[in-house]
Structures are given as C-alpha cells and as structure tokens.
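J.: Sharing model_15.txt, compact mmCIF, C-alpha atoms:
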# COMPACT_ATOMS: atom_id res chain seq x y z
CA MET M 20 -73.44 153.68 181.75
CA LYS M 21 -70.83 151.86 179.75
CA ARG M 22 -67.80 152.17 181.94
CA PHE M 23 -65.13 149.56 182.21
CA ALA M 24 -63.27 150.18 185.42
CA ILE M 25 -63.94 149.61 189.08
CA SER M 26 -62.87 153.07 190.19
CA PRO M 27 -64.90 156.21 189.44
CA GLU M 28 -63.77 158.89 187.05
CA VAL M 29 -62.85 162.34 188.41
CA VAL M 30 -64.83 164.98 186.56
CA PHE M 31 -63.50 168.12 188.21
CA THR M 32 -61.50 169.04 191.28
CA ALA M 33 -61.95 171.93 193.70
CA GLY M 34 -58.93 172.23 195.98
CA PRO M 35 -58.50 168.97 197.88
CA LEU M 36 -61.95 167.70 196.86
CA HIS M 37 -62.33 165.40 193.87
CA PHE M 38 -65.79 165.36 192.36
CA THR M 39 -66.27 162.04 190.61
CA ASP M 40 -69.03 161.12 188.20
CA THR M 41 -70.57 159.12 191.05
CA VAL M 42 -71.04 162.26 193.13
CA ILE M 43 -72.61 164.17 190.25
CA THR M 44 -75.02 161.35 189.43
CA THR M 45 -75.96 161.13 193.10
CA TRP M 46 -76.74 164.85 193.05
CA ILE M 47 -79.03 164.27 190.08
CA VAL M 48 -80.77 161.46 191.97
CA MET M 49 -81.15 163.70 195.02
CA ILE M 50 -82.64 166.52 192.95
CA VAL M 51 -85.08 164.19 191.21
CA VAL M 52 -86.23 162.55 194.45
CA SER M 53 -86.51 165.92 196.25
CA VAL M 54 -88.54 167.50 193.45
CA ILE M 55 -90.90 164.52 193.35
CA SER M 56 -91.30 164.63 197.13
CA ILE M 57 -91.96 168.38 197.20
CA LEU M 58 -94.47 168.12 194.36
CA ALA M 59 -96.15 165.18 196.05
CA THR M 60 -96.54 166.74 199.47
CA ARG M 61 -97.38 170.31 198.43
CA LYS M 62 -101.11 169.87 198.21
CA PHE M 63 -102.85 166.88 199.64
CA SER M 64 -106.58 166.58 199.30
CA ILE M 65 -109.28 164.25 200.53
CA ARG M 66 -110.12 163.30 196.97
CA PRO M 67 -106.66 162.31 195.75
CA SER M 68 -105.32 162.92 192.29
CA ALA M 69 -103.65 160.07 190.40
CA PHE M 70 -100.21 161.28 191.47
CA GLN M 71 -101.22 161.39 195.11
CA GLU M 72 -102.61 157.86 194.82
CA VAL M 73 -99.26 156.57 193.57
CA VAL M 74 -97.35 158.29 196.37
CA GLU M 75 -99.77 157.02 199.00
CA ALA M 76 -99.57 153.49 197.63
CA ALA M 77 -95.76 153.59 197.80
CA PHE M 78 -95.87 154.90 201.36
CA GLU M 79 -98.37 152.27 202.44
CA ALA M 80 -96.24 149.52 200.91
CA VAL M 81 -93.23 150.71 202.93
CA GLU M 82 -95.32 150.98 206.08
CA LYS M 83 -96.79 147.51 205.66
CA THR M 84 -93.41 145.85 205.10
CA VAL M 85 -91.85 147.62 208.08
CA LYS M 86 -94.76 146.65 210.32
CA GLU M 87 -94.49 142.99 209.34
CA VAL M 88 -90.84 142.71 210.29
CA LEU M 89 -90.67 145.21 213.16
CA PRO M 90 -93.60 144.70 215.52
CA VAL M 91 -92.46 147.20 218.17
CA GLU M 92 -92.43 150.90 217.26
CA PRO M 93 -92.51 150.62 213.49
CA TRP M 94 -93.10 154.35 213.10
CA ALA M 95 -89.54 155.35 213.90
CA ALA M 96 -88.18 153.07 211.21
CA VAL M 97 -90.56 153.96 208.38
CA PRO M 98 -88.77 157.20 207.29
CA VAL M 99 -85.32 155.57 207.38
CA LEU M 100 -86.38 152.52 205.43
CA GLY M 101 -88.42 154.56 202.96
CA THR M 102 -85.41 156.76 202.28
CA ILE M 103 -83.10 153.77 201.82
CA TRP M 104 -85.49 152.01 199.45
CA ILE M 105 -86.33 155.04 197.34
CA LEU M 106 -82.78 156.40 197.15
CA ILE M 107 -81.11 153.07 196.35
CA GLY M 108 -83.87 152.16 193.92
CA PHE M 109 -83.47 155.42 192.02
CA SER M 110 -79.67 155.11 192.13
CA ASN M 111 -79.78 151.58 190.74
CA LEU M 112 -82.04 152.55 187.87
CA ILE M 113 -80.60 155.92 186.86
CA GLY M 114 -77.64 154.22 185.18
CA LEU M 115 -79.99 152.99 182.46
CA LEU M 116 -80.26 156.53 181.12
CA PRO M 117 -77.60 157.23 178.52
CA GLY M 118 -74.70 159.36 179.69
CA LEU M 119 -75.23 158.66 183.38
CA ASN M 120 -73.51 155.97 185.36
CA THR M 121 -74.91 154.00 188.28
CA PRO M 122 -73.82 155.58 191.58
CA THR M 123 -74.23 152.27 193.39
CA ALA M 124 -71.70 150.61 191.05
CA ASP M 125 -69.08 152.47 193.09
CA LEU M 126 -67.89 150.90 196.32
CA ASN M 127 -67.75 154.30 198.05
CA THR M 128 -71.50 154.88 197.66
CA THR M 129 -72.50 151.43 198.81
CA PHE M 130 -70.17 151.65 201.80
CA ALA M 131 -71.76 154.96 202.77
CA PHE M 132 -75.19 153.33 202.64
CA ALA M 133 -73.95 150.34 204.62
CA VAL M 134 -72.46 152.59 207.31
CA ILE M 135 -75.81 154.38 207.59
CA SER M 136 -77.58 151.04 207.98
CA TYR M 137 -74.98 149.91 210.57
CA SER M 138 -75.44 153.12 212.60
CA MET M 139 -79.23 152.85 212.48
CA THR M 140 -79.00 149.36 214.01
CA HIS M 141 -77.23 150.77 217.05
CA VAL M 142 -79.41 153.89 217.27
CA PHE M 143 -82.59 151.82 217.32
CA GLY M 144 -81.10 149.27 219.69
CA VAL M 145 -80.07 151.92 222.20
CA LYS M 146 -83.33 153.85 221.82
CA THR M 147 -85.53 150.84 222.52
CA ARG M 148 -83.53 148.97 225.13
CA GLY M 149 -81.28 151.61 226.73
CA VAL M 150 -77.49 151.62 226.56
CA LYS M 151 -77.05 148.90 229.16
CA GLY M 152 -79.75 146.66 227.83
CA TYR M 153 -78.46 147.01 224.30
CA LEU M 154 -74.83 146.32 225.20
CA SER M 155 -75.85 143.28 227.23
CA HIS M 156 -76.84 141.41 224.09
CA TYR M 157 -73.15 141.20 223.20
CA LYS M 158 -72.47 138.91 226.15
CA GLU M 159 -75.16 136.39 225.29
CA PRO M 160 -74.98 133.46 225.78
CA THR M 161 -71.50 133.85 227.27
CA TRP M 162 -68.71 136.42 227.31
CA LEU M 163 -66.61 134.09 225.17
CA LEU M 164 -68.69 134.89 222.12
CA LEU M 165 -67.97 138.62 222.25
CA PRO M 166 -65.33 138.48 219.46
CA ILE M 167 -67.75 136.57 217.26
CA HIS M 168 -70.44 139.21 217.84
CA LEU M 169 -68.04 142.02 216.96
CA MET M 170 -66.85 140.17 213.86
CA ALA M 171 -70.43 139.62 212.75
CA GLU M 172 -71.09 143.37 213.02
CA VAL M 173 -68.18 144.16 210.70
CA THR M 174 -68.68 141.36 208.19
CA ARG M 175 -72.39 141.90 207.72
CA THR M 176 -71.81 145.60 207.05
CA ILE M 177 -69.11 144.82 204.50
CA ALA M 178 -71.33 142.15 202.98
CA LEU M 179 -74.18 144.66 202.57
CA ALA M 180 -71.91 147.08 200.72
CA VAL M 181 -70.17 144.51 198.56
CA ARG M 182 -73.42 142.77 197.60
CA LEU M 183 -75.03 145.91 196.21
CA PHE M 184 -71.79 147.00 194.54
CA GLY M 185 -71.13 143.63 192.93
CA ASN M 186 -74.65 143.23 191.60
CA MET M 187 -74.78 146.69 190.07
CA LEU M 188 -71.26 146.57 188.63
CA SER M 189 -71.80 143.11 187.14
CA GLY M 190 -74.94 144.32 185.35
CA GLU M 191 -73.02 147.24 183.86
CA MET M 192 -70.07 145.10 182.85
CA ILE M 193 -72.23 142.50 181.13
CA ALA M 194 -73.83 145.28 179.08
CA ALA M 195 -70.41 146.79 178.28
CA ILE M 196 -68.94 143.44 177.22
CA LEU M 197 -71.94 142.64 175.02
CA ILE M 198 -71.75 146.08 173.37
CA GLY M 199 -68.10 145.40 172.61
CA VAL M 200 -68.47 141.80 171.43
CA VAL M 201 -71.90 141.52 169.81
CA GLY M 202 -72.87 145.12 169.19
CA PHE M 203 -75.94 147.28 168.90
CA LEU M 204 -79.18 146.16 170.66
CA ALA M 205 -77.61 142.98 172.02
CA PRO M 206 -77.56 144.06 175.70
CA ILE M 207 -81.30 144.87 175.83
CA PRO M 208 -82.42 141.58 177.45
CA PHE M 209 -79.65 141.89 180.00
CA ASP M 210 -80.64 145.50 180.71
CA LEU M 211 -84.19 144.30 181.37
CA LEU M 212 -82.74 141.80 183.84
CA HIS M 213 -80.68 144.64 185.28
CA ILE M 214 -83.86 146.63 186.02
CA VAL M 215 -85.29 143.69 187.96
CA ILE M 216 -82.01 143.10 189.80
CA GLY M 217 -81.72 146.79 190.67
CA LEU M 218 -85.17 146.85 192.27
CA ILE M 219 -84.63 143.54 194.08
CA GLN M 220 -81.27 144.66 195.42
CA ALA M 221 -82.76 147.90 196.74
CA TYR M 222 -85.47 145.83 198.46
CA ILE M 223 -82.90 143.42 199.88
CA PHE M 224 -80.69 146.21 201.20
CA GLY M 225 -83.63 147.74 203.04
CA ILE M 226 -85.07 144.48 204.32
CA LEU M 227 -81.67 143.35 205.63
CA THR M 228 -81.28 146.68 207.43
CA LEU M 229 -84.74 146.12 208.89
CA VAL M 230 -83.87 142.59 209.99
CA PHE M 231 -80.66 143.80 211.63
CA ILE M 232 -82.62 146.51 213.44
CA ALA M 233 -85.16 143.90 214.54
CA ILE M 234 -82.38 141.65 215.84
CA GLY M 235 -80.84 144.61 217.70
CA ILE M 236 -84.04 145.57 219.49
CA SER M 237 -85.38 142.12 220.28
CA PRO M 238 -84.83 141.28 223.96
CA GLU M 239 -83.82 137.66 223.47
CA GLY M 240 -80.78 138.38 221.37
CA MET K 26 -40.98 141.25 181.07
CA GLU K 27 -41.03 137.49 181.26
CA SER K 28 -42.39 137.47 184.82
CA LEU K 29 -45.01 140.09 183.92
CA MET K 30 -46.33 137.79 181.20
CA VAL K 31 -46.51 134.92 183.67
CA ILE K 32 -48.44 137.06 186.16
CA ILE K 33 -50.88 138.26 183.53
CA SER K 34 -51.61 134.82 182.11
CA VAL K 35 -51.98 133.27 185.54
CA SER K 36 -54.28 136.15 186.57
CA ILE K 37 -56.62 135.51 183.65
CA ILE K 38 -56.87 131.81 184.46
CA ALA K 39 -57.30 132.55 188.17
CA ALA K 40 -60.11 135.03 187.51
CA ALA K 41 -61.93 132.55 185.29
CA LEU K 42 -61.52 129.79 187.87
CA ALA K 43 -62.67 132.10 190.68
CA MET K 44 -65.90 132.83 188.84
CA ALA K 45 -66.45 129.22 187.77
CA ILE K 46 -65.88 127.61 191.16
CA GLY K 47 -67.31 130.55 193.08
CA GLY K 48 -70.46 130.46 190.98
CA TYR K 49 -71.02 126.72 191.23
CA GLY K 50 -71.72 126.47 194.95
CA PRO K 51 -74.09 129.45 195.25
CA ALA K 52 -75.96 128.32 192.12
CA ARG K 53 -76.67 124.92 193.67
CA ALA K 54 -77.58 126.53 196.98
CA LEU K 55 -79.98 128.95 195.30
CA GLY K 56 -81.64 126.15 193.37
CA GLU K 57 -82.03 124.04 196.47
CA SER K 58 -83.46 126.86 198.57
CA LEU K 59 -85.94 127.79 195.83
CA THR K 60 -87.04 124.16 195.56
CA LYS K 61 -87.65 123.94 199.27
CA ALA K 62 -89.50 127.24 199.33
CA LEU K 63 -91.76 126.11 196.47
CA ASP K 64 -92.46 122.89 198.34
CA ALA K 65 -93.37 124.84 201.45
CA ILE K 66 -95.62 127.24 199.52
CA ALA K 67 -97.36 124.34 197.78
CA ARG K 68 -98.02 122.76 201.13
CA GLN K 69 -99.06 125.95 202.91
CA PRO K 70 -100.20 128.58 200.43
CA GLU K 71 -101.43 130.91 203.19
CA ALA K 72 -97.87 131.38 204.46
CA ALA K 73 -96.62 132.38 201.00
CA ALA K 74 -95.82 136.01 201.87
CA GLN K 75 -93.71 135.12 204.88
CA ILE K 76 -91.91 132.31 203.05
CA THR K 77 -91.16 134.56 200.09
CA ARG K 78 -89.67 137.25 202.31
CA THR K 79 -87.47 134.79 204.15
CA LEU K 80 -86.50 133.22 200.83
CA ILE K 81 -85.42 136.55 199.40
CA ILE K 82 -83.33 137.38 202.46
CA GLY K 83 -81.72 133.95 202.42
CA MET K 84 -81.06 134.12 198.71
CA ALA K 85 -79.40 137.51 199.17
CA LEU K 86 -77.10 136.03 201.77
CA ILE K 87 -76.27 133.04 199.56
CA GLU K 88 -75.79 135.17 196.48
CA SER K 89 -73.31 137.43 198.23
CA ILE K 90 -70.86 134.51 198.21
CA ALA K 91 -70.93 134.54 194.42
CA ILE K 92 -70.54 138.31 194.56
CA TYR K 93 -67.40 137.91 196.67
CA ALA K 94 -65.96 135.65 193.98
CA PHE K 95 -66.88 138.25 191.38
CA VAL K 96 -65.19 141.03 193.34
CA ILE K 97 -62.06 138.90 193.75
CA ALA K 98 -62.05 138.27 190.00
CA LEU K 99 -62.39 142.02 189.39
CA ILE K 100 -59.50 142.76 191.74
CA ILE K 101 -57.36 140.18 189.96
CA LEU K 102 -58.17 141.62 186.55
CA PHE K 103 -58.31 145.39 187.10
CA ALA K 104 -56.49 146.17 190.32
CA ASN K 105 -53.93 143.41 190.55
CA PRO K 106 -51.63 144.26 193.46
CA LEU K 107 -48.95 141.77 192.39
CA ILE K 108 -48.08 143.60 189.17
CA GLY K 109 -46.65 146.37 191.34
CA TYR K 110 -43.87 144.01 192.46
CA VAL K 111 -42.71 143.51 188.87
CA ILE K 112 -43.09 147.05 187.51
CA LYS K 113 -41.11 149.31 189.78
Written as structure tokens, that's how I'd like the structure from this file.

T.:
Amino acid sequence: MKRFAISPEVVFTAGPLHFTDTVITTWIVMIVVSVISILATRKFSIRPSAFQEVVEAAFEAVEKTVKEVLPVEPWAAVPVLGTIWILIGFSNLIGLLPGLNTPTADLNTTFAFAVISYSMTHVFGVKTRGVKGYLSHYKEPTWLLLPIHLMAEVTRTIALAVRLFGNMLSGEMIAAILIGVVGFLAPIPFDLLHIVIGLIQAYIFGILTLVFIAIGISPEG
Amino acid sequence: MESLMVIISVSIIAAALAMAIGGYGPARALGESLTKALDAIARQPEAAAQITRTLIIGMALIESIAIYAFVIALIILFANPLIGYVIK
C-alpha cells in the first residue's frame, strides 16, 4: 500500500507484456470476487442461510438503486452496475491489506473502467432508441451544438477516470507521508477515512454511469 | 545546474499553490451545496433520499475540480515534463 509514485511497478515481464503490481492485485480481486460469487450461487434455498441473506440484500440494494434512476428496462443495467460497484469497491479496499496496492490508484485501471462505462452508455442508448434515434440526440437543440456534445462525451469519461484515480491515490499518499513524517499508527484515522472514501467513490462511479445511461436513453435529450 | 534548481524550486511552490487555490473553490462549493441540501431536507424530509442522491452526484462533480488540481500538482512534482529540457 505504501507506494510513492504515480506509475505502477513492473513485477515481471513475459515477452512484450509487462505485468505490473496493478495487474496482479486486480487478479487477486477477480479471484476473490469470483470465489464469493460461486460460493454464493451454488446452492440457493427457500430458507436462506446467513450468507445467502447478505448476498440477496446486496443484490436487492443494487436493484433498488438502478430502478430509481432508470425507470425503463432496469433489468439490463443491473448486472453491469452490480459488477462495477462490486469490482471497484473491492479494488478500492484491497489496498488496505498489507503488501497489496490499490489497483484503482493507477490511471490505467480507472481509464479501463471509464471506457467500459462510456461504451455502456452507447450500447444502452442504441438498444433502447435504435441507431437513428440515438444519434439524433446529438443534434438537439441545433446542429451547432454537435462539437459541444462530442466534447462532453470525452471530458466526462476522462473526469470519471481521473476522479477515482485522484481520490484513491491521495488516500494512499496521505498514509505514506504520515508514515514517513509521524510514524507508526499515525495514519490509522486517515485509513478509516480512506475506507469511507473508497466505498463512496465506488458508489459515485456506478451512479454516474447510471445517470449517463439514463441521459442516453431518455427521449428528450 | 543553476536552471535545474530554479525549475525545482518553482515547481514546489507551483504545486503548493495549485493545491491551495484549487482546493479553496471546491471547498466553498461543497460547503454551500451541503448547506442547501440540509435546508431542503429540513423543509421536506420525505424527499431526503432523492436529495441525498442528487447531492452526492453533484458533490462528486464539484470535487473532481479539486482532484484535477491534485493531479496537476502530482504531475508537477513527480512527472515534470520541463526537467527534460534541462537534462539532456
């Protein structure tokens, strides 16, 4: 966790591929999330165990939030948003374990997430309104605003990536600076704040994706 | 060597100023938006969930301005492109 650079560290290379510590931590996150999901869905029963209750509560929370923002066809968006929330949430928090670094404190990871969110906006827009209907929202209210629309697409995607990256990296750097300046146990209150910020940022990333999808599929613009 | 020292010292001051000025505006904006949201919730407690969600989205958008300043400060400190002109 205590890393003091803005570029990731290369752990090993295989031919032209460089495997950084970010990639390896992301693999760990993927394994943890997959194992939990497999264990959770292997045996469902009418009388749920405590574990099943927790999983169902999480799923219902995702479903409820998606339904509030996206009135039309919320079912298509629930898996995407659930994945984004769970994956980013786990990624933000795994850096608190000693020896692991936060994958989302690397601009490459957050840009990948932002590109996924950007693509989903278009996929949902085209799926709900058709290609022509979706493209027509670029010329509203007039054709003159087309450059502004295109610029907004790019800047909001970059803003999504940079926001998550900056929040996560700043939390890590504050902890690193305090370890260096004050010493042992001093960063604990800031790490507690970092937990809260990590969860809130995961929520914000998902809810902004949802809002962008909702804007893309709404007929009035 | 002389010019490298100038670049480094100016970079430190610039990074500090970027964070100070870049943090001031968003901090005021966040405070103001939270005040207004609390007013609205006090007046209409039944709309609290909707107001909170909008508040969080708005705060995220405001806060990203401070994050831009932070990223600029990081670029100045750790990935300064201007040092490359001095060190060949």

J.: At a cut-off of 12 Å, list the chain K residues touching chain M, using all atoms listed in the file, as a ChimeraX atom specification.

T.: /K:44,74-75,78-105

J.: Using atom CA of M:Ala77 and atom CA of M:Phe132 as the two end points, give the distance in Å to one decimal.

T.: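 Separating atom CA of M:Ala77 from atom CA of M:Phe132 is a distance of 21.1 Å.
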
J.: Please report the interatomic distance between atom CA of M:Thr41 and atom CA of M:Glu28 in Å with one decimal.

T.: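 Value for the atom CA of M:Thr41-atom CA of M:Glu28 distance: 7.9 Å.
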
J.: Which distance in Å separates atom CA of M:Leu112 and atom CA of M:Ser53, to one decimal?

T.: 16.4 Å

J.: Neighbours of M:Leu115 within 12 Å (only C-alpha atoms; same-chain residues fewer than 5 positions away dropped), as an mmCIF file with C-alpha atoms, in the coordinates of the input?

T.:
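part-v5.cif was written with the following content:
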data_model
loop_
_atom_site.group_PDB
_atom_site.id
_atom_site.type_symbol
_atom_site.label_atom_id
_atom_site.label_comp_id
_atom_site.auth_asym_id
_atom_site.auth_seq_id
_atom_site.Cartn_x
_atom_site.Cartn_y
_atom_site.Cartn_z
ATOM 1 C CA MET M 20 -73.440 153.680 181.750
ATOM 2 C CA LYS M 21 -70.830 151.860 179.750
ATOM 3 C CA THR M 44 -75.020 161.350 189.430
ATOM 4 C CA PHE M 109 -83.470 155.420 192.020
ATOM 5 C CA SER M 110 -79.670 155.110 192.130
ATOM 6 C CA ASN M 120 -73.510 155.970 185.360
ATOM 7 C CA THR M 121 -74.910 154.000 188.280
ATOM 8 C CA PRO M 122 -73.820 155.580 191.580
ATOM 9 C CA MET M 187 -74.780 146.690 190.070
ATOM 10 C CA GLY M 190 -74.940 144.320 185.350
ATOM 11 C CA GLU M 191 -73.020 147.240 183.860
ATOM 12 C CA ALA M 194 -73.830 145.280 179.080
ATOM 13 C CA PRO M 206 -77.560 144.060 175.700
ATOM 14 C CA ILE M 207 -81.300 144.870 175.830
ATOM 15 C CA PHE M 209 -79.650 141.890 180.000
ATOM 16 C CA ASP M 210 -80.640 145.500 180.710
ATOM 17 C CA LEU M 211 -84.190 144.300 181.370
ATOM 18 C CA LEU M 212 -82.740 141.800 183.840
ATOM 19 C CA HIS M 213 -80.680 144.640 185.280
ATOM 20 C CA ILE M 214 -83.860 146.630 186.020
ATOM 21 C CA GLY M 217 -81.720 146.790 190.670
#

J.: Within 9 Å of M:Leu89, counting all atoms listed in the file, which residues show up once you throw out same-chain ones fewer than 2 positions away? Write them as a list in words, please.

T.: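 Counting all atoms listed in the file, the residues come to Thr84, Val85, Lys86, Glu87, Val91, Glu92, Pro93, Ala96, Leu229, Val230, Ile232 and Ala233 of chain M.
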
J.: I'd like to know which of K:Ile33, K:Met26, K:Ile46, K:Ala62 is closest to K:Leu107, using all atoms listed in the file.

T.: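 The closest residue to K:Leu107 is K:Ile33.
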
J.: Within 12 Å of K:Ile112, counting all atoms listed in the file, which residues qualify if same-chain residues fewer than 2 places away don't, as a count of residues only?

T.: 12

J.: Could you put an axis-aligned box around every listed atom of stretch 95-103 of chain M, padded by 6 Å on each side, and send me its centre and edge lengths in Å to one decimal, as lines of an AutoDock Vina configuration file?

T.:
center_x = -86.8
center_y = 154.9
center_z = 207.9
size_x = 19.5
size_y = 16.7
size_z = 24.1

J.: Starting from the incomplete input, reconstruct N, CA and C atoms of stretch 115-145 of chain M and write that as a compact mmCIF listing (two decimals), in the coordinates of the input.

T.:
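So the final result, stored in part-v4.txt, reads:
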# COMPACT_ATOMS: atom_id res chain seq x y z
N LEU M 115 -79.46 153.44 183.75
CA LEU M 115 -79.99 152.99 182.46
C LEU M 115 -80.14 154.15 181.49
N LEU M 116 -80.19 155.39 182.02
CA LEU M 116 -80.26 156.53 181.12
C LEU M 116 -78.90 156.73 180.46
N PRO M 117 -78.88 157.06 179.17
CA PRO M 117 -77.60 157.23 178.52
C PRO M 117 -76.84 158.42 179.07
N GLY M 118 -75.54 158.27 179.22
CA GLY M 118 -74.70 159.36 179.69
C GLY M 118 -74.52 159.39 181.18
N LEU M 119 -75.38 158.69 181.92
CA LEU M 119 -75.23 158.66 183.38
C LEU M 119 -74.71 157.29 183.78
N ASN M 120 -73.97 157.26 184.88
CA ASN M 120 -73.51 155.97 185.36
C ASN M 120 -74.20 155.67 186.69
N THR M 121 -74.22 154.39 187.05
CA THR M 121 -74.91 154.00 188.28
C THR M 121 -74.07 154.40 189.49
N PRO M 122 -74.61 155.21 190.40
CA PRO M 122 -73.82 155.58 191.58
C PRO M 122 -73.52 154.38 192.46
N THR M 123 -74.44 153.40 192.50
CA THR M 123 -74.23 152.27 193.39
C THR M 123 -73.25 151.26 192.80
N ALA M 124 -72.77 151.47 191.58
CA ALA M 124 -71.70 150.61 191.05
C ALA M 124 -70.34 151.13 191.48
N ASP M 125 -70.32 151.94 192.53
CA ASP M 125 -69.08 152.47 193.09
C ASP M 125 -69.05 152.06 194.55
N LEU M 126 -67.95 151.45 194.96
CA LEU M 126 -67.89 150.90 196.32
C LEU M 126 -68.03 151.99 197.37
N ASN M 127 -67.63 153.22 197.07
CA ASN M 127 -67.75 154.30 198.05
C ASN M 127 -69.20 154.57 198.42
N THR M 128 -70.08 154.62 197.40
CA THR M 128 -71.50 154.88 197.66
C THR M 128 -72.10 153.77 198.50
N THR M 129 -71.85 152.52 198.10
CA THR M 129 -72.50 151.43 198.81
C THR M 129 -71.98 151.33 200.24
N PHE M 130 -70.68 151.67 200.43
CA PHE M 130 -70.17 151.65 201.80
C PHE M 130 -70.82 152.73 202.64
N ALA M 131 -71.08 153.89 202.02
CA ALA M 131 -71.76 154.96 202.77
C ALA M 131 -73.14 154.48 203.21
N PHE M 132 -73.87 153.85 202.29
CA PHE M 132 -75.19 153.33 202.64
C PHE M 132 -75.08 152.28 203.74
N ALA M 133 -74.08 151.40 203.62
CA ALA M 133 -73.95 150.34 204.62
C ALA M 133 -73.61 150.91 205.99
N VAL M 134 -72.79 151.98 206.02
CA VAL M 134 -72.46 152.59 207.31
C VAL M 134 -73.70 153.23 207.93
N ILE M 135 -74.55 153.83 207.07
CA ILE M 135 -75.81 154.38 207.59
C ILE M 135 -76.65 153.27 208.21
N SER M 136 -76.76 152.15 207.49
CA SER M 136 -77.58 151.04 207.98
C SER M 136 -77.00 150.49 209.30
N TYR M 137 -75.65 150.39 209.36
CA TYR M 137 -74.98 149.91 210.57
C TYR M 137 -75.26 150.85 211.74
N SER M 138 -75.19 152.18 211.51
CA SER M 138 -75.44 153.12 212.60
C SER M 138 -76.88 153.04 213.06
N MET M 139 -77.82 152.90 212.10
CA MET M 139 -79.23 152.85 212.48
C MET M 139 -79.51 151.66 213.39
N THR M 140 -78.81 150.53 213.14
CA THR M 140 -79.00 149.36 214.01
C THR M 140 -78.73 149.73 215.46
N HIS M 141 -77.58 150.43 215.68
CA HIS M 141 -77.23 150.77 217.05
C HIS M 141 -78.17 151.84 217.62
N VAL M 142 -78.52 152.82 216.78
CA VAL M 142 -79.41 153.89 217.27
C VAL M 142 -80.73 153.29 217.73
N PHE M 143 -81.31 152.41 216.92
CA PHE M 143 -82.59 151.82 217.32
C PHE M 143 -82.44 150.91 218.52
N GLY M 144 -81.33 150.16 218.56
CA GLY M 144 -81.10 149.27 219.69
C GLY M 144 -81.02 150.04 220.99
N VAL M 145 -80.24 151.14 220.98
CA VAL M 145 -80.07 151.92 222.20
C VAL M 145 -81.37 152.62 222.56
